[in-house]
$ cat upload_25.cif   # mmCIF, C-alpha atoms
data_data
loop_
_atom_site.label_atom_id
_atom_site.label_comp_id
_atom_site.auth_asym_id
_atom_site.auth_seq_id
_atom_site.Cartn_x
_atom_site.Cartn_y
_atom_site.Cartn_z
CA MET A 49 11.35 -84.70 16.45
CA ASP A 50 14.01 -86.45 14.39
CA ARG A 51 13.04 -86.09 10.73
CA ARG A 52 16.32 -87.21 9.17
CA GLN A 53 14.83 -90.31 7.63
CA ARG A 54 12.01 -88.37 5.98
CA VAL A 55 13.82 -85.49 4.34
CA ASN A 56 14.36 -85.96 0.60
CA LEU A 57 17.06 -84.13 -1.36
CA SER A 58 17.34 -84.39 -5.13
CA VAL A 59 19.54 -82.72 -7.74
CA HIS A 60 18.51 -82.95 -11.39
CA PRO A 61 20.44 -83.68 -13.46
CA SER A 62 22.94 -85.04 -10.99
CA ARG A 63 25.33 -85.73 -13.87
CA GLY A 64 25.93 -83.21 -16.65
CA LEU A 65 28.25 -80.69 -18.23
CA ILE A 66 29.80 -77.94 -16.13
CA ASP A 67 27.78 -75.28 -17.98
CA GLU A 68 24.48 -77.11 -17.52
CA LYS A 69 22.09 -75.88 -14.85
CA PHE A 70 20.70 -78.21 -12.21
CA VAL A 71 17.69 -78.02 -9.90
CA VAL A 72 18.15 -78.63 -6.17
CA LEU A 73 14.94 -79.70 -4.44
CA VAL A 74 14.32 -80.47 -0.76
CA GLN A 75 11.04 -82.17 0.18
CA SER A 76 9.29 -83.73 3.16
CA CYS A 77 10.32 -81.13 5.75
CA LEU A 78 8.06 -79.35 8.20
CA PRO A 79 6.52 -76.11 6.84
CA GLY A 80 8.51 -73.01 7.75
CA CYS A 81 11.60 -75.03 8.59
CA GLN A 82 14.98 -73.26 8.50
CA LEU A 83 17.40 -75.21 6.32
CA THR A 84 20.92 -74.80 4.94
CA LEU A 85 21.92 -76.13 1.52
CA HIS A 86 25.67 -76.82 1.37
CA ALA A 87 28.01 -77.74 -1.48
CA LEU A 88 31.48 -79.21 -0.93
CA HIS A 89 34.20 -80.03 -3.45
CA HIS A 90 37.56 -81.66 -2.74
CA CYS A 91 39.77 -80.61 -5.63
CA GLU A 92 42.79 -82.31 -7.17
CA ASP A 93 45.35 -80.25 -5.25
CA GLY A 94 43.95 -81.42 -1.93
CA ASN A 95 42.13 -78.21 -1.06
CA SER A 96 38.42 -78.03 -0.29
CA TRP A 97 35.83 -75.54 -1.49
CA GLU A 98 32.33 -74.87 -0.20
CA ALA A 99 29.23 -72.75 -0.72
CA PHE A 100 26.02 -72.56 1.28
CA GLY A 101 22.65 -70.82 1.32
CA HIS A 102 19.96 -70.36 3.97
CA TYR A 103 16.37 -71.24 3.11
CA THR A 104 12.96 -71.57 4.72
CA SER A 105 10.67 -74.37 3.56
CA ASP A 106 7.28 -73.46 2.12
CA ALA A 107 3.82 -74.54 3.25
CA SER A 108 4.35 -77.98 1.73
CA GLY A 109 7.69 -78.43 3.51
CA ALA A 110 9.75 -77.97 0.35
CA VAL A 111 12.62 -75.80 -0.91
CA ASN A 112 13.35 -75.35 -4.61
CA ALA A 113 16.71 -73.55 -4.95
CA SER A 114 15.82 -72.52 -8.52
CA MET A 115 12.79 -70.56 -7.35
CA ASP A 116 13.22 -69.80 -3.65
CA PRO A 117 15.53 -67.09 -2.29
CA SER A 118 18.53 -67.71 -0.13
CA LEU A 119 18.31 -65.54 2.98
CA GLY A 120 22.07 -65.58 3.59
CA GLY A 121 25.24 -67.62 3.28
CA THR A 122 27.78 -67.29 0.47
CA TYR A 123 24.99 -65.88 -1.73
CA SER A 124 21.53 -64.40 -1.36
CA GLY A 125 18.38 -64.15 -3.44
CA VAL A 126 17.11 -66.53 -6.09
CA GLU A 127 20.32 -67.96 -7.52
CA PRO A 128 19.82 -71.46 -8.99
CA MET A 129 23.56 -72.16 -9.54
CA ALA A 130 25.13 -70.25 -6.66
CA LEU A 131 26.09 -73.49 -4.90
CA MET A 132 28.69 -73.69 -7.68
CA TRP A 133 29.75 -70.14 -8.48
CA SER A 134 29.86 -68.82 -4.90
CA MET A 135 32.24 -71.54 -3.76
CA ARG A 136 35.18 -70.40 -1.65
CA THR A 137 37.92 -72.24 0.15
CA VAL A 138 36.93 -73.73 3.48
CA PRO A 139 38.06 -71.89 6.63
CA GLY A 140 41.71 -72.49 7.42
CA SER A 141 42.83 -72.80 3.78
CA LYS A 142 45.84 -70.86 2.56
CA PRO A 143 44.91 -67.62 0.77
CA GLY A 144 45.04 -67.00 -2.96
CA LEU A 145 43.86 -70.37 -4.25
CA ARG A 146 42.13 -70.78 -7.60
CA LEU A 147 39.90 -73.71 -8.51
CA ARG A 148 40.84 -75.17 -11.92
CA MET A 149 40.34 -78.71 -13.19
CA LYS A 150 43.51 -80.33 -14.54
CA ASN A 151 42.28 -83.82 -15.36
CA VAL A 152 39.26 -83.18 -17.56
CA GLN A 153 38.73 -86.89 -18.08
CA LYS A 154 37.27 -87.03 -14.59
CA PRO A 155 34.22 -85.15 -13.31
CA MET A 156 34.17 -82.36 -10.80
CA GLU A 157 32.42 -84.07 -7.89
CA VAL A 158 30.32 -81.89 -5.62
CA ALA A 159 28.60 -83.17 -2.47
CA ILE A 160 25.36 -81.26 -1.93
CA SER A 161 23.80 -81.64 1.53
CA VAL A 162 20.95 -80.20 3.54
CA TYR A 163 21.23 -79.31 7.23
CA LEU A 164 18.68 -78.27 9.82
CA GLY A 165 18.90 -74.59 10.79
CA HIS A 166 20.81 -71.71 9.24
CA GLN A 167 24.40 -72.92 9.59
CA THR A 168 27.51 -70.96 8.68
CA GLU A 169 30.45 -73.08 9.82
CA GLY A 170 31.57 -76.45 11.14
CA PHE A 171 29.60 -78.39 8.54
CA GLU A 172 31.82 -81.45 8.82
CA GLU A 173 30.79 -81.81 12.45
CA LYS A 174 27.05 -81.44 11.89
CA VAL A 175 24.52 -84.10 10.97
CA LYS A 176 23.28 -84.03 7.37
CA LEU A 177 19.55 -84.46 6.85
CA ALA A 178 20.30 -85.79 3.34
CA ASN A 179 23.04 -85.54 0.72
CA VAL A 180 23.59 -86.16 -3.00
CA LEU A 181 26.82 -86.49 -5.00
CA VAL A 182 26.76 -84.43 -8.18
CA GLU A 183 29.08 -84.84 -11.19
CA ARG A 184 29.88 -81.93 -13.50
CA TRP A 185 31.95 -82.71 -16.59
CA TYR A 186 33.95 -80.67 -19.08
CA MET A 187 34.01 -83.60 -21.51
CA ALA A 188 30.71 -84.86 -22.89
CA PRO A 189 30.42 -88.59 -23.64
CA GLY A 190 32.31 -89.47 -26.80
CA VAL A 191 34.62 -86.45 -26.79
CA ARG A 192 38.15 -87.58 -27.58
CA ARG A 193 41.26 -86.18 -25.90
CA ILE A 194 44.37 -86.46 -28.12
CA PRO A 195 47.75 -85.25 -26.82
CA ILE A 196 49.79 -83.67 -29.61
CA THR A 197 53.29 -85.16 -29.85
CA GLU A 198 54.45 -83.67 -33.14
CA SER A 199 55.98 -80.41 -34.39
CA ASP A 200 57.41 -79.46 -30.97
CA LEU A 201 53.97 -78.28 -29.90
CA THR A 202 52.72 -78.61 -26.34
CA ALA A 203 49.03 -79.01 -27.02
CA THR A 204 45.99 -81.24 -26.66
CA LEU A 205 43.31 -81.71 -29.31
CA PHE A 206 39.73 -82.36 -28.25
CA LEU A 207 37.42 -83.80 -30.90
CA PRO A 208 33.62 -84.06 -30.66
CA PRO A 209 31.98 -87.46 -31.10
CA GLY A 210 31.49 -88.67 -34.66
CA PRO A 211 33.52 -88.65 -37.87
CA GLY A 212 33.41 -84.90 -38.53
CA PRO A 213 34.84 -82.89 -40.08
CA PHE A 214 34.29 -80.25 -37.43
CA PRO A 215 35.07 -76.54 -37.33
CA GLY A 216 38.19 -75.90 -35.26
CA VAL A 217 39.36 -73.45 -32.63
CA ILE A 218 42.78 -72.72 -31.15
CA ASP A 219 42.34 -72.07 -27.44
CA MET A 220 44.98 -70.00 -25.63
CA TRP A 221 45.18 -68.89 -22.00
CA GLY A 222 47.20 -66.08 -20.46
CA GLY A 223 50.37 -65.34 -18.60
CA THR A 224 50.31 -68.22 -16.13
CA GLY A 225 51.52 -70.61 -18.82
CA GLN A 226 51.02 -74.38 -18.57
CA LEU A 227 48.65 -76.44 -20.70
CA VAL A 228 45.08 -75.58 -19.67
CA GLU A 229 42.52 -77.97 -21.10
CA TYR A 230 39.13 -77.47 -19.47
CA ARG A 231 37.73 -74.77 -21.78
CA SER A 232 38.85 -76.73 -24.84
CA ALA A 233 37.18 -79.88 -23.54
CA LEU A 234 33.96 -77.92 -23.04
CA LEU A 235 34.19 -76.37 -26.52
CA ALA A 236 34.54 -79.88 -27.97
CA SER A 237 31.46 -80.85 -25.98
CA HIS A 238 29.64 -78.16 -27.97
CA GLY A 239 30.81 -79.45 -31.35
CA PHE A 240 34.17 -77.77 -32.01
CA ALA A 241 37.52 -79.43 -32.62
CA SER A 242 39.47 -77.49 -30.01
CA LEU A 243 43.25 -77.31 -29.71
CA ALA A 244 44.42 -76.28 -26.24
CA LEU A 245 47.81 -74.65 -26.83
CA ASP A 246 50.54 -73.90 -24.28
CA TYR A 247 52.84 -71.23 -25.72
CA LEU A 248 54.61 -69.94 -22.59
CA THR A 249 55.91 -73.15 -21.00
CA PRO A 250 56.05 -75.69 -23.85
CA LYS A 251 58.69 -78.40 -24.00
CA ILE A 252 60.78 -76.35 -26.45
CA THR A 253 61.01 -73.54 -23.86
CA LEU A 254 61.74 -75.90 -21.01
CA GLU A 255 64.57 -77.51 -23.01
CA THR A 256 66.18 -74.37 -24.44
CA GLY A 257 65.13 -71.63 -22.03
CA LYS A 258 63.90 -69.59 -25.00
CA MET A 259 60.34 -68.44 -25.59
CA VAL A 260 58.57 -69.53 -28.75
CA GLY A 261 58.62 -67.52 -31.95
CA ASN A 262 55.64 -66.48 -34.04
CA ASP A 263 56.12 -69.61 -36.17
CA TYR A 264 54.99 -71.68 -33.18
CA PHE A 265 51.44 -70.32 -33.54
CA GLU A 266 51.55 -70.80 -37.29
CA THR A 267 52.56 -74.43 -36.82
CA ALA A 268 49.61 -74.96 -34.47
CA PHE A 269 47.23 -73.37 -36.97
CA GLN A 270 48.52 -75.52 -39.81
CA LEU A 271 48.33 -78.69 -37.73
CA LEU A 272 44.67 -78.04 -36.99
CA GLN A 273 44.02 -76.94 -40.57
CA LYS A 274 45.40 -80.19 -42.00
CA HIS A 275 43.73 -82.55 -39.54
CA PRO A 276 41.38 -84.92 -41.42
CA GLN A 277 38.55 -84.35 -38.95
CA VAL A 278 38.77 -80.55 -39.03
CA LEU A 279 37.25 -78.15 -41.56
CA GLY A 280 40.42 -76.34 -42.62
CA SER A 281 38.54 -73.24 -43.82
CA LYS A 282 36.59 -72.91 -40.56
CA ILE A 283 39.12 -72.34 -37.79
CA GLY A 284 38.64 -69.71 -35.12
CA MET A 285 40.83 -68.48 -32.29
CA VAL A 286 39.79 -68.17 -28.65
CA GLY A 287 41.96 -66.39 -26.13
CA ILE A 288 41.92 -64.85 -22.68
CA SER A 289 44.28 -62.14 -21.45
CA PHE A 290 47.70 -62.48 -23.13
CA GLY A 291 46.34 -65.37 -25.20
CA SER A 292 43.90 -62.88 -26.75
CA SER A 293 46.79 -60.53 -27.52
CA MET A 294 48.61 -63.27 -29.41
CA ALA A 295 45.45 -64.21 -31.31
CA LEU A 296 45.00 -60.60 -32.45
CA LYS A 297 48.65 -60.28 -33.45
CA MET A 298 48.69 -63.47 -35.50
CA ALA A 299 45.41 -62.64 -37.23
CA ALA A 300 46.68 -59.17 -38.14
CA TYR A 301 50.20 -59.97 -39.32
CA SER A 302 50.67 -63.66 -40.09
CA GLN A 303 50.58 -64.85 -43.70
CA ILE A 304 49.58 -68.30 -42.48
CA VAL A 305 47.14 -67.75 -39.61
CA LYS A 306 43.89 -66.72 -41.28
CA PRO A 307 41.12 -67.35 -38.73
CA ALA A 308 37.46 -67.43 -39.66
CA CYS A 309 36.71 -65.53 -36.44
CA ILE A 310 38.38 -64.46 -33.19
CA MET A 311 36.85 -64.47 -29.70
CA CYS A 312 38.84 -62.54 -27.09
CA VAL A 313 38.24 -62.37 -23.34
CA SER A 314 39.89 -59.61 -21.29
CA ALA A 315 42.04 -58.62 -24.25
CA SER A 316 44.60 -55.91 -24.91
CA HIS A 317 46.13 -55.11 -28.28
CA VAL A 318 49.14 -53.41 -26.67
CA GLN A 319 52.37 -55.27 -27.38
CA GLN A 320 55.56 -55.17 -29.42
CA VAL A 321 54.11 -55.59 -32.90
CA GLU A 322 57.43 -56.47 -34.55
CA GLY A 323 58.64 -58.56 -31.64
CA SER A 324 58.30 -62.11 -30.40
CA VAL A 325 56.65 -63.28 -27.20
CA ALA A 326 59.95 -62.72 -25.39
CA GLU A 327 60.27 -59.15 -26.66
CA THR A 328 56.71 -58.36 -25.66
CA PHE A 329 57.42 -59.61 -22.15
CA LYS A 330 60.56 -57.48 -22.14
CA TYR A 331 58.36 -54.47 -22.96
CA PHE A 332 56.10 -55.38 -20.03
CA GLU A 333 59.14 -55.68 -17.78
CA GLU A 334 60.36 -52.23 -18.81
CA ASN A 335 56.99 -50.82 -17.77
CA ARG A 336 56.80 -52.72 -14.50
CA GLY A 337 57.33 -49.48 -12.60
CA LYS A 338 53.69 -48.63 -13.34
CA THR A 339 52.54 -51.65 -11.34
CA ARG A 340 50.58 -50.72 -8.21
CA TYR A 341 49.88 -52.55 -4.96
CA ASN A 342 46.77 -52.00 -2.88
CA GLU A 343 46.58 -51.88 0.91
CA LEU A 344 46.41 -55.69 1.03
CA ASN A 345 49.65 -55.93 -0.97
CA GLU A 346 47.77 -57.30 -3.97
CA VAL A 347 49.41 -56.44 -7.28
CA ILE A 348 47.41 -54.41 -9.82
CA TRP A 349 48.92 -54.78 -13.28
CA ARG A 350 46.41 -52.85 -15.39
CA ASP A 351 48.40 -49.60 -15.26
CA LEU A 352 51.36 -51.39 -16.84
CA LEU A 353 49.71 -50.89 -20.26
CA LEU A 354 48.13 -47.50 -19.54
CA PRO A 355 47.74 -45.05 -21.03
CA ILE A 356 47.18 -46.85 -24.32
CA PRO A 357 50.25 -45.88 -26.38
CA THR A 358 49.95 -43.80 -29.52
CA ASP A 359 53.04 -45.38 -31.07
CA PRO A 360 51.76 -47.80 -33.78
CA ALA A 361 54.74 -50.07 -33.08
CA LEU A 362 53.26 -50.78 -29.64
CA LYS A 363 49.78 -51.96 -30.56
CA VAL A 364 48.23 -54.31 -33.08
CA ASP A 365 46.93 -52.51 -36.18
CA MET A 366 43.25 -53.40 -35.89
CA GLY A 367 42.68 -52.17 -39.41
CA ARG A 368 44.34 -55.38 -40.58
CA ILE A 369 41.73 -57.62 -38.92
CA GLN A 370 39.65 -59.19 -41.69
CA CYS A 371 37.41 -61.58 -39.77
CA PRO A 372 34.60 -61.24 -37.21
CA LEU A 373 35.97 -60.31 -33.77
CA MET A 374 34.16 -60.57 -30.44
CA LEU A 375 35.51 -58.86 -27.33
CA VAL A 376 34.34 -59.79 -23.82
CA VAL A 377 35.21 -57.08 -21.33
CA GLY A 378 35.06 -56.94 -17.54
CA GLU A 379 34.65 -53.32 -16.47
CA ASP A 380 36.29 -54.02 -13.09
CA ASP A 381 39.30 -55.78 -14.65
CA GLN A 382 42.20 -54.91 -12.33
CA ASN A 383 44.76 -56.96 -14.24
CA TRP A 384 44.55 -55.79 -17.83
CA PRO A 385 43.13 -52.56 -19.34
CA ALA A 386 40.52 -54.47 -21.32
CA ALA A 387 37.90 -51.69 -21.38
CA GLU A 388 40.38 -49.04 -22.53
CA SER A 389 41.85 -51.42 -25.09
CA ALA A 390 38.39 -52.32 -26.41
CA GLN A 391 37.55 -48.66 -26.95
CA ASP A 392 40.85 -48.03 -28.73
CA MET A 393 40.38 -51.15 -30.88
CA LYS A 394 36.89 -49.96 -31.78
CA ASP A 395 38.21 -46.52 -32.76
CA MET A 396 40.97 -48.06 -34.88
CA MET A 397 38.55 -50.36 -36.68
CA GLU A 398 36.11 -47.51 -37.34
CA ARG A 399 38.89 -45.47 -38.93
CA ALA A 400 39.88 -48.48 -41.05
CA GLY A 401 36.31 -49.19 -42.15
CA ASN A 402 36.11 -52.68 -40.67
CA SER A 403 34.15 -51.92 -37.49
CA HIS A 404 31.26 -54.02 -38.87
CA LEU A 405 33.38 -57.05 -37.95
CA LEU A 406 33.52 -56.07 -34.26
CA SER A 407 31.15 -56.90 -31.42
CA ILE A 408 31.85 -55.88 -27.81
CA HIS A 409 30.14 -57.29 -24.73
CA SER A 410 31.03 -55.28 -21.64
CA TYR A 411 29.99 -56.25 -18.11
CA PRO A 412 29.89 -53.98 -15.01
CA ASN A 413 31.44 -55.19 -11.74
CA THR A 414 33.17 -57.99 -13.65
CA GLY A 415 36.85 -58.82 -13.32
CA HIS A 416 39.56 -60.33 -15.50
CA LEU A 417 38.98 -64.08 -15.16
CA ILE A 418 35.81 -64.57 -17.18
CA GLU A 419 35.64 -68.36 -17.24
CA PRO A 420 33.03 -70.94 -18.31
CA PRO A 421 29.82 -70.45 -16.32
CA TYR A 422 29.33 -71.57 -12.72
CA SER A 423 33.09 -71.59 -12.08
CA PRO A 424 33.88 -70.03 -8.69
CA HIS A 425 34.70 -66.36 -9.00
CA THR A 426 38.38 -65.65 -8.35
CA ARG A 427 38.91 -62.04 -7.30
CA VAL A 428 42.50 -62.53 -6.17
CA SER A 429 44.91 -65.45 -6.44
CA ILE A 430 48.56 -66.45 -6.28
CA PHE A 431 50.37 -65.73 -9.54
CA LYS A 432 53.80 -67.14 -10.33
CA GLN A 433 55.95 -64.39 -11.78
CA GLN A 434 59.10 -66.12 -13.01
CA SER A 435 60.82 -67.24 -9.79
CA THR A 436 58.61 -65.27 -7.42
CA LYS A 437 54.97 -65.41 -6.39
CA VAL A 438 52.66 -62.44 -6.01
CA MET A 439 49.02 -62.07 -5.03
CA ALA A 440 47.31 -60.83 -8.19
CA LEU A 441 44.11 -58.81 -8.05
CA TRP A 442 41.78 -59.82 -10.89
CA GLY A 443 38.70 -57.85 -9.83
CA GLY A 444 34.97 -58.41 -9.99
CA GLU A 445 32.10 -58.71 -7.53
CA THR A 446 31.05 -62.33 -7.10
CA ALA A 447 27.36 -62.21 -8.08
CA ALA A 448 27.78 -59.77 -10.96
CA HIS A 449 30.91 -61.51 -12.21
CA SER A 450 29.17 -64.89 -12.17
CA GLN A 451 26.16 -63.56 -14.05
CA ALA A 452 28.55 -62.13 -16.64
CA MET A 453 30.30 -65.48 -17.06
CA GLU A 454 26.97 -67.19 -17.75
CA ASP A 455 25.82 -64.56 -20.24
CA ALA A 456 29.20 -64.25 -21.96
CA TRP A 457 29.53 -68.01 -22.44
CA LYS A 458 26.17 -68.15 -24.23
CA LYS A 459 27.23 -65.27 -26.47
CA MET A 460 30.62 -66.91 -27.13
CA LEU A 461 29.01 -70.16 -28.27
CA THR A 462 26.48 -68.28 -30.41
CA PHE A 463 29.31 -66.28 -32.01
CA LEU A 464 31.44 -69.35 -32.74
CA LYS A 465 28.50 -71.31 -34.12
CA ALA A 466 27.44 -68.43 -36.36
CA HIS A 467 30.88 -67.96 -37.91
CA LEU A 468 32.22 -71.52 -37.89
CA TYR A 469 29.07 -73.56 -38.50
CA GLY A 470 27.11 -70.91 -40.39
CA ASN A 471 23.59 -72.12 -41.02
CA ASN A 472 24.40 -75.59 -39.80
CA SER A 473 23.81 -75.93 -36.07
CA SER A 474 26.49 -77.65 -34.05
CA PRO A 475 25.45 -80.87 -32.31
CA SER A 476 24.10 -80.42 -28.82
CA LEU A 477 25.85 -82.78 -26.44
CA LEU A 478 24.28 -81.41 -23.28
CA GLY A 479 22.44 -83.82 -21.05
CA HIS A 480 24.00 -86.92 -22.57
CA HIS A 481 25.56 -88.01 -19.30
#

$ encode --input "upload_25.cif" --output "structure tokens"
Amino acid sequence: MDRRQRVNLSVHPSRGLIDEKFVVLVQSCLPGCQLTLHALHHCEDGNSWEAFGHYTSDASGAVNASMDPSLGGTYSGVEPMALMWSMRTVPGSKPGLRLRMKNVQKPMEVAISVYLGHQTEGFEEKVKLANVLVERWYMAPGVRRIPITESDLTATLFLPPGPGPFPGVIDMWGGTGQLVEYRSALLASHGFASLALDYLTPKITLETGKMVGNDYFETAFQLLQKHPQVLGSKIGMVGISFGSSMALKMAAYSQIVKPACIMCVSASHVQQVEGSVAETFKYFEENRGKTRYNELNEVIWRDLLLPIPTDPALKVDMGRIQCPLMLVVGEDDQNWPAAESAQDMKDMMERAGNSHLLSIHSYPNTGHLIEPPYSPHTRVSIFKQQSTKVMALWGGETAAHSQAMEDAWKKMLTFLKAHLYGNNSSPSLLGHH
């Protein structure tokens, strides 16, 4: 019996922020019917990503993906958002891809479909029983994206709706360089004036071939501090990987960068304390012999900074940190010794008497790339290393890593709101699409 015309598929909300949950509901099927829910995304670089789960309809002929278990596919069990976080490249794609939005002024469009039977491949050739197009945004309505064209900075400022002034954050990513905007756009959607800052491949570096000095970060801090729609006394720093290292260094040693709080993901405090970005990278290069490769020829960088040095010139003096600091640690981080660094940072702060400023959130089976929630887990991806490309192992097990991203993001927002807004809650822009 052909029931294509009778099956109903709904996703609510079909339009929302990337960190907002949705409910996928299938109705009007036969009881006990085997069904496959499938998600497909065509990303900006031309590659396609998919996820799928196998379900059996209940006595009323319905499947609710928020309550019913998947029996197989790219995920299993009751996982309401796994159609997003378990996405992987479609068969035949080149290896080592990573899904990242570049144009945050457009939504991530995901086609969610339902198929008869428990399908595992060839979805494009099969007949859909029903399908819905879902939009997930990093920018809430009214968020303003402002490219920064002054002070030789390569940066983009995202401002929440309204006149402000808003607390600010400087948002820095890691060693891949380039201007990465999607986390900043999402932070602005939660009420923070967020400055996405590229410090490895800015225009000044491209023009001169020289890496930026420490004054580059100070200039960015002052620009945000003086902006008329930013609360100059309430500026935090958010970093991941090497971006976290730079945030710690500037907070500890700069006479200008005085953050109200710091939030670090996959951080290490090991670097050339007296040196610039270039000198720190030179230190990494000198230790490159510690780099390992696994049997799949995937590079494991974490040993490059291990063991944690005892030389005070090679790690940030955490006793100098004078603001609340939150560390998010993946215990299966294969790229950066975040867990070892976190323990050493904790010990240093205890000896200095400022450990009350530190909070650590550590997650088992979680890798290096702890992103905003429901992003596809990237265990390994292509990494450009100067003129060469390597396959970098980041670590993490998909389900555990994805659960960590969801929990960590909630804790990050709570931390930033507590220390930048204080008793005043930030505006909730969720669900305004």

$ closest_residue --input "upload_25.cif" --among "A:Ala440, A:Ala447, A:Ala386, A:Leu65" --to "Val126 of chain A" --atoms "all atoms listed in the file"
A:Ala447

$ resolve_selection --input "upload_25.cif" --expression "the PyMOL selection byres ((chain A and resi 131) around 10)" --output "ChimeraX atom specification"
/A:72,85-88,98-101,113,122-123,127-130,132-135,158,160,422,424

$ residues_around --input "upload_25.cif" --residues "Gly223 of chain A" --least-positions-apart "4" --cutoff "10 Å" --atoms "all atoms listed in the file" --output "PyMOL selection string"
chain A and resi 247-249+288-291+329+431-433

$ residues_around --input "upload_25.cif" --residues "Gly323 of chain A" --least-positions-apart "4" --cutoff "10 Å" --atoms "all atoms listed in the file" --output "PyMOL selection string"
chain A and resi 261-262+319+327-331+361-362

$ residues_near_point --input "upload_25.cif" --point "(14.4, -87.2, 0.5)" --cutoff "7 Å" --atoms "all atoms listed in the file" --output "VMD selection string"
chain A and resid 54 to 58 74 to 76 178

$ closest_atom_pairs --input "upload_25.cif" --of "segment 176-271 of chain A" --to "segment 293-312 of chain A" --cutoff "10 Å" --atoms "all atoms listed in the file" --output "Markdown table"
| residue | atom | partner | partner_atom | distance |
| --- | --- | --- | --- | --- |
| A:Pro215 | CA | A:Ala308 | CA | 9.7 |
| A:Gly216 | CA | A:Ala308 | CA | 9.6 |
| A:Val217 | CA | A:Pro307 | CA | 8.8 |
| A:Ile218 | CA | A:Ala295 | CA | 8.9 |
| A:Asp219 | CA | A:Ala295 | CA | 9.3 |
| A:Met220 | CA | A:Ala295 | CA | 8.1 |
| A:Trp221 | CA | A:Met294 | CA | 9.9 |
| A:Gly222 | CA | A:Ser293 | CA | 9.0 |
| A:Tyr247 | CA | A:Met294 | CA | 9.7 |
| A:Asn262 | CA | A:Met298 | CA | 7.7 |
| A:Asp263 | CA | A:Ser302 | CA | 9.0 |
| A:Phe265 | CA | A:Met298 | CA | 7.6 |
| A:Glu266 | CA | A:Val305 | CA | 5.8 |
| A:Thr267 | CA | A:Ile304 | CA | 8.9 |
| A:Ala268 | CA | A:Val305 | CA | 9.2 |
| A:Phe269 | CA | A:Val305 | CA | 6.2 |
| A:Gln270 | CA | A:Ile304 | CA | 7.8 |
